[in-house]
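What follows is a short report on a single structure.
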Amino acid sequence: MSDFSFSGGSAGDFHADASESGVDRESVYSGLTEAPSIYSFNSSRDGLALLRLIQGRTFNAQNDLYYLPADGTEFARQEKTHFAQLVCLGRLYVEHEQVQRILSPVDNAQKRILDLGTGVGNWAVGMAHEFPHAEVIGIDLAPNTASSGVLPPNCRLEFDDFNLGLHHYYNSCDIIHCRIIAIGVKDFKWFITEVAKCLKPGGMLLMVEGDHNLLNSKKEMQELAYGSGAPGQSWLARAMFEASITMQKRGSDVDARLRLYELISASPYFENVGERIHFIPVGPWEKGSTPDEQQQKQILGILERQSMIDLVQSLKPLFIHEGYATELVEQFIKGTEKELNELTVQMYIKWLYFFGTRNSAGIMET
């Protein structure tokens, strides 16, 4: 099965045009309390203030923790990740029945969904289509504003840094979704409390994170490549390991992504906390027991392979900025491409899905 190019069209997916040149689009403020962390975007006026160029890639200019690009190449990678999640889960979210129940229409009550770290906006758009009566807001340090022309009328994207607080959304949200945000979070314990302040009692938190520690075909820790590398060792696993260490040194609470179940459970503001784990093949090497399962594993493997190759490219500015030798970074990139395209190393990435229901406890201010 050969690699393919994904451009959306399923369950709310859409193609993200990388070009923003000459486009002026305003994000619409909600009727909630205005706060300084929200920013209405005008590309010709604000591009230099909100975005910056580093080594030929576009980055957000608001938060130094999140050191991944915000350009067409990265948005395309995020689309692949989103589609892989759809193929894996069969839908946009876990705990399907509970989410449906929470978002059921109620007379004289506005249902609101908040997507933190929305990126290209696929998940937010998908939810807006699935729940047309709900208001869906996607927040990101640098959302894909080029996609705003195809947003449903009940969906909008906003520039915002949730590390500055989310006061303007307190006690107003029914569902809050966060996917792959760990690199940009300073303190997850604080973040979980801040999210709790935004949820109505009975509302639900949904979080998704990938484990940077890749696993071999036996679901044991993958051996890292050093020096010239050796059979069975992985340059991708090495790059992911180095990236995780570097992000932690820069101040990201990235290691907490593996402890989110414990952190949410320990919060006095959540109940019915749960965790789901899925192992996704990196490359189309895993076999299925039925034709349908085989097709699913092939699609997942292909998407994850493409995403990982692109991710290592996106990590290059981070590595160079933090003092890694250019030759080593190029080895990460070339080694990853070779081992994934030739399937010489069979690996899994572990995806973790966390959820919890907001209880009725009042927030204790400290």
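FYI, nothing fancy with the structure tokens labels: chains A, B, ... in order, residues from 1 per chain, ligands from 1 as they appear.
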Which residues, written as a VMD selection string, have at least one atom at most 10 Å from range 324-329 of chain A, with only C-alpha atoms counted and residues fewer than 6 positions away on the same chain left out?
chain A and resid 226 to 227 239 242 312 to 313 315 to 318 335
Go through range 181-291 of chain A and flag each residue having an atom no more than 10 Å from range 114-134 of chain A; for those, report the closest pair of atoms plus their distance in Å to one decimal, using only C-alpha atoms, ordered by chain and rising number, as CSV.
```
residue,atom,partner,partner_atom,distance
A:Ile181,CA,A:Gly117,CA,6.0
A:Ala182,CA,A:Gly117,CA,9.8
A:Gly184,CA,A:Gly117,CA,8.9
A:Val195,CA,A:Leu116,CA,9.8
A:Cys198,CA,A:Leu114,CA,9.2
A:Leu199,CA,A:Leu114,CA,9.5
A:Leu205,CA,A:Leu114,CA,9.7
A:Leu206,CA,A:Asp115,CA,9.5
A:Met207,CA,A:Leu116,CA,9.7
```
Check the DSSP output for the backbone and give back, as an MDAnalysis selection string, the residues of range 30-274 of chain A in strand (DSSP E).
chainID A and resid 51:54 57:60 112:116 135:140 155:159 173:179 199:210 215:216 270:274
Kindly give the distance, in Å, that separates CA of Asp253 in chain A and CA of Ile113 in chain A, rounded to a single decimal.
24.7 Å
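The nearest approach to Ala243 in chain A among the residues A:Ile180, A:Leu68, A:Arg101, A:Arg305, with only C-alpha atoms taken into account, belongs to A:Leu68.
Shortest atom-to-atom contact with Ser228 in chain A among A:Pro105, A:Gly274, A:Phe332, A:Leu151: A:Phe332, counting only C-alpha atoms.
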Nearest to Pro231 in chain A, restricted to only C-alpha atoms and choosing among A:Gln346, A:Gln85, A:Asn272, A:Ser360, comes out as A:Gln346
Interatomic distance (Å, one decimal) between CA of Lys249 in chain A and CA of Trp190 in chain A:
19.0 Å
Counting only C-alpha atoms, the residue of A:Asp161, A:Glu79, A:Glu135, A:Glu286 that sits nearest Leu303 in chain A:
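Answer, going by the shortest atom-to-atom distance: A:Glu79.
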Provide the CA of Arg257 in chain A to CA of Arg276 in chain A distance in Å, to one decimal place.
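Value for the CA of Arg257 in chain A-CA of Arg276 in chain A distance: 13.4 Å.
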List the spatial neighbours of Asp64 in chain A as a list in words - criterion: any atom at most 10 Å away, only C-alpha atoms, same-chain residues fewer than 5 positions off excluded.
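The filter keeps Phe59, Gly184, Arg250, Gly251 and Ser252 of chain A.
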Using only N, CA and C atoms, please write the residues we just selected to a file, as a short mmCIF file (atom, residue, chain, number, x, y, z; two decimals), in the first residue's frame.
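Contents of result-v7.cif, freshly written:
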```cif
data_model
loop_
_atom_site.label_atom_id
_atom_site.label_comp_id
_atom_site.auth_asym_id
_atom_site.auth_seq_id
_atom_site.Cartn_x
_atom_site.Cartn_y
_atom_site.Cartn_z
N PHE A 59 6.87 30.77 13.01
CA PHE A 59 6.59 30.38 14.40
C PHE A 59 5.69 31.43 15.05
N GLY A 184 3.57 23.17 25.21
CA GLY A 184 3.29 24.57 25.47
C GLY A 184 2.74 24.87 26.85
N ARG A 250 13.66 23.75 28.62
CA ARG A 250 13.16 25.08 28.24
C ARG A 250 11.98 25.53 29.11
N GLY A 251 11.47 24.63 29.96
CA GLY A 251 10.41 25.03 30.87
C GLY A 251 9.05 24.41 30.63
N SER A 252 8.92 23.57 29.60
CA SER A 252 7.65 22.90 29.35
C SER A 252 7.43 21.79 30.37
#
```
Would you return as a PyMOL selection string the members of range 35-208 of chain A that DSSP assigns to helix (DSSP H, G or I) on this structure's backbone?
chain A and resi 43-50+72-89+96-102+122-130+145-150+162-164+167-169+182-184+188-198
